[in-house]
Amino acid sequence: MRQGITADQSKGMTREELLTLPAAVDLDTSNRALGIGRSKGYELAKRGQYPCKVLRLGKAYRVVTADLLQLLGLAA
């Protein structure tokens, strides 16, 4: 396991955790929700092939939570 990552953080997210996310989340949080590894997630985002909408804010990536929840079948 990578240093600084607890066993709980390396697993996916529960439905309750997903439904309490803010309007946009960082790429690492989205990767965790989707079960995508960090390197693969950033690679997909850089190529414009991430499975849901990604916003580029300076050097940071943000994922629109509504798109993430829709992809996971949790949209209201």
# chains A, B, ... in the order shown; residues from 1 in each chain; ligands from 1

$ residues_around --residues "range 40-51 of chain A" --least-positions-apart "5" --cutoff "8 Å" --atoms "only C-alpha atoms" --output "PyMOL selection string"
chain A and resi 27-28+31+61+71

$ write_last_selection --atoms "all heavy atoms" --output "short mmCIF file (atom, residue, chain, number, x, y, z; two decimals), in the first residue's frame"
data_model
loop_
_atom_site.label_atom_id
_atom_site.label_comp_id
_atom_site.auth_asym_id
_atom_site.auth_seq_id
_atom_site.Cartn_x
_atom_site.Cartn_y
_atom_site.Cartn_z
N LEU A 27 -9.68 15.10 -8.77
CA LEU A 27 -9.58 13.91 -9.60
C LEU A 27 -9.33 12.65 -8.77
O LEU A 27 -9.85 11.59 -9.08
CB LEU A 27 -8.49 14.10 -10.66
CG LEU A 27 -8.56 13.17 -11.86
CD1 LEU A 27 -9.86 13.31 -12.62
CD2 LEU A 27 -7.40 13.43 -12.80
N ASP A 28 -8.56 12.78 -7.69
CA ASP A 28 -8.29 11.61 -6.85
C ASP A 28 -9.57 11.06 -6.22
O ASP A 28 -9.76 9.85 -6.15
CB ASP A 28 -7.26 11.95 -5.77
CG ASP A 28 -5.86 12.13 -6.32
OD1 ASP A 28 -5.54 11.50 -7.34
OD2 ASP A 28 -5.09 12.91 -5.74
N ASN A 31 -11.49 9.35 -9.01
CA ASN A 31 -10.83 8.08 -9.31
C ASN A 31 -11.23 7.02 -8.30
O ASN A 31 -11.53 5.88 -8.66
CB ASN A 31 -9.31 8.24 -9.30
CG ASN A 31 -8.79 9.06 -10.45
OD1 ASN A 31 -9.46 9.25 -11.46
ND2 ASN A 31 -7.59 9.57 -10.29
N TYR A 61 -7.33 19.50 -11.74
CA TYR A 61 -8.49 18.91 -12.39
C TYR A 61 -9.62 18.82 -11.37
O TYR A 61 -9.39 18.44 -10.22
CB TYR A 61 -8.19 17.48 -12.88
CG TYR A 61 -7.22 17.40 -14.02
CD1 TYR A 61 -5.90 17.04 -13.81
CD2 TYR A 61 -7.64 17.65 -15.32
CE1 TYR A 61 -5.02 16.94 -14.87
CE2 TYR A 61 -6.76 17.55 -16.38
CZ TYR A 61 -5.45 17.20 -16.15
OH TYR A 61 -4.58 17.09 -17.21
N LEU A 71 -23.05 8.92 -14.00
CA LEU A 71 -22.30 7.78 -14.52
C LEU A 71 -22.44 6.56 -13.62
O LEU A 71 -22.55 5.43 -14.10
CB LEU A 71 -20.81 8.16 -14.66
CG LEU A 71 -19.88 7.09 -15.18
CD1 LEU A 71 -20.20 6.76 -16.63
CD2 LEU A 71 -18.43 7.54 -15.05
#

$ residues_around --residues "Thr14 in chain A" --least-positions-apart "3" --cutoff "12 Å" --atoms "only C-alpha atoms" --output "ChimeraX atom specification"
/A:8-9,11,17-21,32-35,69,72,74

$ select_by_dssp --residues "range 27-56 of chain A" --states "alpha helix (DSSP H)" --output "NGL selection string"
:A and (27-34 or 38-47)

$ write_last_selection --atoms "N, CA, C and O atoms" --output "PDB file, in the first residue's frame"
ATOM      1  N   LEU A  27      -9.680  15.103  -8.766  1.00  0.00           N
ATOM      2  CA  LEU A  27      -9.581  13.907  -9.602  1.00  0.00           C
ATOM      3  C   LEU A  27      -9.326  12.648  -8.771  1.00  0.00           C
ATOM      4  O   LEU A  27      -9.854  11.589  -9.081  1.00  0.00           O
ATOM      5  N   ASP A  28      -8.563  12.775  -7.693  1.00  0.00           N
ATOM      6  CA  ASP A  28      -8.289  11.610  -6.855  1.00  0.00           C
ATOM      7  C   ASP A  28      -9.570  11.061  -6.223  1.00  0.00           C
ATOM      8  O   ASP A  28      -9.757   9.849  -6.151  1.00  0.00           O
ATOM      9  N   THR A  29     -10.460  11.952  -5.791  1.00  0.00           N
ATOM     10  CA  THR A  29     -11.731  11.519  -5.212  1.00  0.00           C
ATOM     11  C   THR A  29     -12.583  10.817  -6.264  1.00  0.00           C
ATOM     12  O   THR A  29     -13.174   9.764  -6.014  1.00  0.00           O
ATOM     13  N   SER A  30     -12.636  11.384  -7.461  1.00  0.00           N
ATOM     14  CA  SER A  30     -13.392  10.777  -8.539  1.00  0.00           C
ATOM     15  C   SER A  30     -12.803   9.428  -8.927  1.00  0.00           C
ATOM     16  O   SER A  30     -13.546   8.461  -9.148  1.00  0.00           O
ATOM     17  N   ASN A  31     -11.492   9.353  -9.007  1.00  0.00           N
ATOM     18  CA  ASN A  31     -10.832   8.081  -9.311  1.00  0.00           C
ATOM     19  C   ASN A  31     -11.233   7.022  -8.296  1.00  0.00           C
ATOM     20  O   ASN A  31     -11.527   5.881  -8.656  1.00  0.00           O
ATOM     21  N   ARG A  32     -11.245   7.406  -7.029  1.00  0.00           N
ATOM     22  CA  ARG A  32     -11.616   6.473  -5.961  1.00  0.00           C
ATOM     23  C   ARG A  32     -13.057   6.004  -6.135  1.00  0.00           C
ATOM     24  O   ARG A  32     -13.352   4.818  -5.999  1.00  0.00           O
ATOM     25  N   ALA A  33     -13.957   6.930  -6.445  1.00  0.00           N
ATOM     26  CA  ALA A  33     -15.366   6.580  -6.631  1.00  0.00           C
ATOM     27  C   ALA A  33     -15.551   5.608  -7.798  1.00  0.00           C
ATOM     28  O   ALA A  33     -16.395   4.728  -7.754  1.00  0.00           O
ATOM     29  N   LEU A  34     -14.740   5.781  -8.834  1.00  0.00           N
ATOM     30  CA  LEU A  34     -14.857   4.949 -10.035  1.00  0.00           C
ATOM     31  C   LEU A  34     -13.991   3.696  -9.988  1.00  0.00           C
ATOM     32  O   LEU A  34     -14.077   2.851 -10.879  1.00  0.00           O
ATOM     33  N   ARG A  38      -4.771   6.110  -9.661  1.00  0.00           N
ATOM     34  CA  ARG A  38      -4.375   7.516  -9.794  1.00  0.00           C
ATOM     35  C   ARG A  38      -3.716   7.804 -11.139  1.00  0.00           C
ATOM     36  O   ARG A  38      -4.098   8.744 -11.836  1.00  0.00           O
ATOM     37  N   SER A  39      -2.741   7.017 -11.519  1.00  0.00           N
ATOM     38  CA  SER A  39      -2.025   7.251 -12.780  1.00  0.00           C
ATOM     39  C   SER A  39      -2.955   7.151 -13.985  1.00  0.00           C
ATOM     40  O   SER A  39      -2.920   7.988 -14.885  1.00  0.00           O
ATOM     41  N   LYS A  40      -3.792   6.132 -13.996  1.00  0.00           N
ATOM     42  CA  LYS A  40      -4.727   5.930 -15.109  1.00  0.00           C
ATOM     43  C   LYS A  40      -5.730   7.081 -15.173  1.00  0.00           C
ATOM     44  O   LYS A  40      -6.045   7.579 -16.263  1.00  0.00           O
ATOM     45  N   GLY A  41      -6.228   7.529 -14.031  1.00  0.00           N
ATOM     46  CA  GLY A  41      -7.175   8.634 -14.000  1.00  0.00           C
ATOM     47  C   GLY A  41      -6.589   9.909 -14.572  1.00  0.00           C
ATOM     48  O   GLY A  41      -7.222  10.595 -15.383  1.00  0.00           O
ATOM     49  N   TYR A  42      -5.368  10.242 -14.177  1.00  0.00           N
ATOM     50  CA  TYR A  42      -4.728  11.448 -14.700  1.00  0.00           C
ATOM     51  C   TYR A  42      -4.410  11.305 -16.183  1.00  0.00           C
ATOM     52  O   TYR A  42      -4.545  12.249 -16.951  1.00  0.00           O
ATOM     53  N   GLU A  43      -4.029  10.113 -16.593  1.00  0.00           N
ATOM     54  CA  GLU A  43      -3.756   9.868 -18.007  1.00  0.00           C
ATOM     55  C   GLU A  43      -5.025  10.098 -18.839  1.00  0.00           C
ATOM     56  O   GLU A  43      -4.995  10.766 -19.875  1.00  0.00           O
ATOM     57  N   LEU A  44      -6.147   9.550 -18.389  1.00  0.00           N
ATOM     58  CA  LEU A  44      -7.412   9.721 -19.099  1.00  0.00           C
ATOM     59  C   LEU A  44      -7.831  11.192 -19.137  1.00  0.00           C
ATOM     60  O   LEU A  44      -8.296  11.678 -20.174  1.00  0.00           O
ATOM     61  N   ALA A  45      -7.666  11.892 -18.024  1.00  0.00           N
ATOM     62  CA  ALA A  45      -8.041  13.312 -17.966  1.00  0.00           C
ATOM     63  C   ALA A  45      -7.185  14.138 -18.927  1.00  0.00           C
ATOM     64  O   ALA A  45      -7.704  14.997 -19.650  1.00  0.00           O
ATOM     65  N   LYS A  46      -5.897  13.884 -18.963  1.00  0.00           N
ATOM     66  CA  LYS A  46      -4.999  14.626 -19.850  1.00  0.00           C
ATOM     67  C   LYS A  46      -5.342  14.402 -21.319  1.00  0.00           C
ATOM     68  O   LYS A  46      -5.202  15.296 -22.135  1.00  0.00           O
ATOM     69  N   ARG A  47      -5.809  13.199 -21.657  1.00  0.00           N
ATOM     70  CA  ARG A  47      -6.167  12.879 -23.039  1.00  0.00           C
ATOM     71  C   ARG A  47      -7.601  13.260 -23.393  1.00  0.00           C
ATOM     72  O   ARG A  47      -8.036  13.054 -24.518  1.00  0.00           O
TER      73      ARG A  47
END

$ atom_distance --atom1 "CA of Ala75 in chain A" --atom2 "CA of Gly58 in chain A"
28.1 Å

$ closest_residue --among "A:Ile36, A:Leu68, A:Ala24, A:Gly73" --to "Leu55 in chain A" --atoms "only C-alpha atoms"
A:Ala24

$ atom_distance --atom1 "CA of Leu57 in chain A" --atom2 "CA of Val25 in chain A"
11.9 Å

$ atom_distance --atom1 "CA of Arg56 in chain A" --atom2 "CA of Gly37 in chain A"
19.1 Å

$ select_by_dssp --residues "chain A" --states "strand (DSSP E or B)" --output "PyMOL selection string"
chain A and resi 24-26+54-57+60-64

$ write_last_selection --atoms "all heavy atoms" --output "JSON list (two decimals), in the first residue's frame"
[["chain", "number", "residue", "atom", "x", "y", "z"],
["A", 24, "ALA", "N", -18.21, 19.84, -7.05],
["A", 24, "ALA", "CA", -17.08, 19.35, -7.85],
["A", 24, "ALA", "C", -16.05, 18.76, -6.90],
["A", 24, "ALA", "O", -15.90, 19.23, -5.77],
["A", 24, "ALA", "CB", -16.47, 20.48, -8.67],
["A", 25, "VAL", "N", -15.37, 17.72, -7.35],
["A", 25, "VAL", "CA", -14.37, 17.05, -6.52],
["A", 25, "VAL", "C", -13.05, 16.96, -7.27],
["A", 25, "VAL", "O", -13.00, 17.09, -8.49],
["A", 25, "VAL", "CB", -14.84, 15.63, -6.12],
["A", 25, "VAL", "CG1", -16.07, 15.68, -5.23],
["A", 25, "VAL", "CG2", -15.09, 14.75, -7.33],
["A", 26, "ASP", "N", -11.98, 16.72, -6.52],
["A", 26, "ASP", "CA", -10.68, 16.57, -7.17],
["A", 26, "ASP", "C", -10.63, 15.23, -7.89],
["A", 26, "ASP", "O", -11.47, 14.35, -7.68],
["A", 26, "ASP", "CB", -9.54, 16.71, -6.16],
["A", 26, "ASP", "CG", -9.60, 15.68, -5.04],
["A", 26, "ASP", "OD1", -9.84, 14.49, -5.31],
["A", 26, "ASP", "OD2", -9.38, 16.07, -3.88],
["A", 54, "VAL", "N", -14.63, 16.66, -16.86],
["A", 54, "VAL", "CA", -13.49, 17.13, -16.06],
["A", 54, "VAL", "C", -13.23, 18.59, -16.42],
["A", 54, "VAL", "O", -13.16, 18.95, -17.60],
["A", 54, "VAL", "CB", -12.22, 16.29, -16.34],
["A", 54, "VAL", "CG1", -11.02, 16.85, -15.60],
["A", 54, "VAL", "CG2", -12.44, 14.83, -15.98],
["A", 55, "LEU", "N", -13.10, 19.41, -15.39],
["A", 55, "LEU", "CA", -12.76, 20.82, -15.58],
["A", 55, "LEU", "C", -11.29, 21.01, -15.27],
["A", 55, "LEU", "O", -10.78, 20.44, -14.30],
["A", 55, "LEU", "CB", -13.59, 21.69, -14.63],
["A", 55, "LEU", "CG", -15.10, 21.52, -14.69],
["A", 55, "LEU", "CD1", -15.76, 22.32, -13.58],
["A", 55, "LEU", "CD2", -15.62, 21.96, -16.05],
["A", 56, "ARG", "N", -10.62, 21.80, -16.06],
["A", 56, "ARG", "CA", -9.20, 22.10, -15.80],
["A", 56, "ARG", "C", -9.15, 23.51, -15.24],
["A", 56, "ARG", "O", -9.53, 24.47, -15.90],
["A", 56, "ARG", "CB", -8.41, 22.00, -17.11],
["A", 56, "ARG", "CG", -6.93, 22.26, -16.96],
["A", 56, "ARG", "CD", -6.25, 21.05, -16.29],
["A", 56, "ARG", "NE", -4.89, 21.34, -15.96],
["A", 56, "ARG", "CZ", -3.83, 20.86, -16.58],
["A", 56, "ARG", "NH1", -3.99, 20.03, -17.58],
["A", 56, "ARG", "NH2", -2.62, 21.19, -16.20],
["A", 57, "LEU", "N", -8.72, 23.64, -14.00],
["A", 57, "LEU", "CA", -8.61, 24.93, -13.34],
["A", 57, "LEU", "C", -7.14, 25.16, -13.00],
["A", 57, "LEU", "O", -6.64, 24.65, -12.00],
["A", 57, "LEU", "CB", -9.47, 24.96, -12.06],
["A", 57, "LEU", "CG", -10.94, 24.61, -12.28],
["A", 57, "LEU", "CD1", -11.66, 24.46, -10.95],
["A", 57, "LEU", "CD2", -11.60, 25.68, -13.12],
["A", 60, "ALA", "N", -4.97, 22.20, -11.79],
["A", 60, "ALA", "CA", -5.81, 21.23, -11.09],
["A", 60, "ALA", "C", -6.95, 20.73, -11.97],
["A", 60, "ALA", "O", -7.44, 21.45, -12.83],
["A", 60, "ALA", "CB", -6.38, 21.87, -9.83],
["A", 61, "TYR", "N", -7.33, 19.50, -11.74],
["A", 61, "TYR", "CA", -8.49, 18.91, -12.39],
["A", 61, "TYR", "C", -9.62, 18.82, -11.37],
["A", 61, "TYR", "O", -9.39, 18.44, -10.22],
["A", 61, "TYR", "CB", -8.19, 17.48, -12.88],
["A", 61, "TYR", "CG", -7.22, 17.40, -14.02],
["A", 61, "TYR", "CD1", -5.90, 17.04, -13.81],
["A", 61, "TYR", "CD2", -7.64, 17.65, -15.32],
["A", 61, "TYR", "CE1", -5.02, 16.94, -14.87],
["A", 61, "TYR", "CE2", -6.76, 17.55, -16.38],
["A", 61, "TYR", "CZ", -5.45, 17.20, -16.15],
["A", 61, "TYR", "OH", -4.58, 17.09, -17.21],
["A", 62, "ARG", "N", -10.83, 19.13, -11.80],
["A", 62, "ARG", "CA", -12.01, 18.98, -10.97],
["A", 62, "ARG", "C", -13.06, 18.23, -11.78],
["A", 62, "ARG", "O", -13.22, 18.46, -12.97],
["A", 62, "ARG", "CB", -12.59, 20.33, -10.53],
["A", 62, "ARG", "CG", -11.69, 21.12, -9.61],
["A", 62, "ARG", "CD", -11.60, 20.47, -8.23],
["A", 62, "ARG", "NE", -10.75, 21.20, -7.33],
["A", 62, "ARG", "CZ", -9.48, 20.90, -7.07],
["A", 62, "ARG", "NH1", -8.92, 19.88, -7.68],
["A", 62, "ARG", "NH2", -8.77, 21.61, -6.24],
["A", 63, "VAL", "N", -13.75, 17.33, -11.12],
["A", 63, "VAL", "CA", -14.79, 16.53, -11.76],
["A", 63, "VAL", "C", -16.14, 17.02, -11.25],
["A", 63, "VAL", "O", -16.34, 17.18, -10.05],
["A", 63, "VAL", "CB", -14.60, 15.03, -11.45],
["A", 63, "VAL", "CG1", -15.72, 14.20, -12.03],
["A", 63, "VAL", "CG2", -13.25, 14.56, -11.99],
["A", 64, "VAL", "N", -17.06, 17.24, -12.17],
["A", 64, "VAL", "CA", -18.41, 17.68, -11.82],
["A", 64, "VAL", "C", -19.14, 16.51, -11.16],
["A", 64, "VAL", "O", -19.32, 15.45, -11.78],
["A", 64, "VAL", "CB", -19.17, 18.17, -13.08],
["A", 64, "VAL", "CG1", -20.58, 18.58, -12.73],
["A", 64, "VAL", "CG2", -18.41, 19.33, -13.72]]
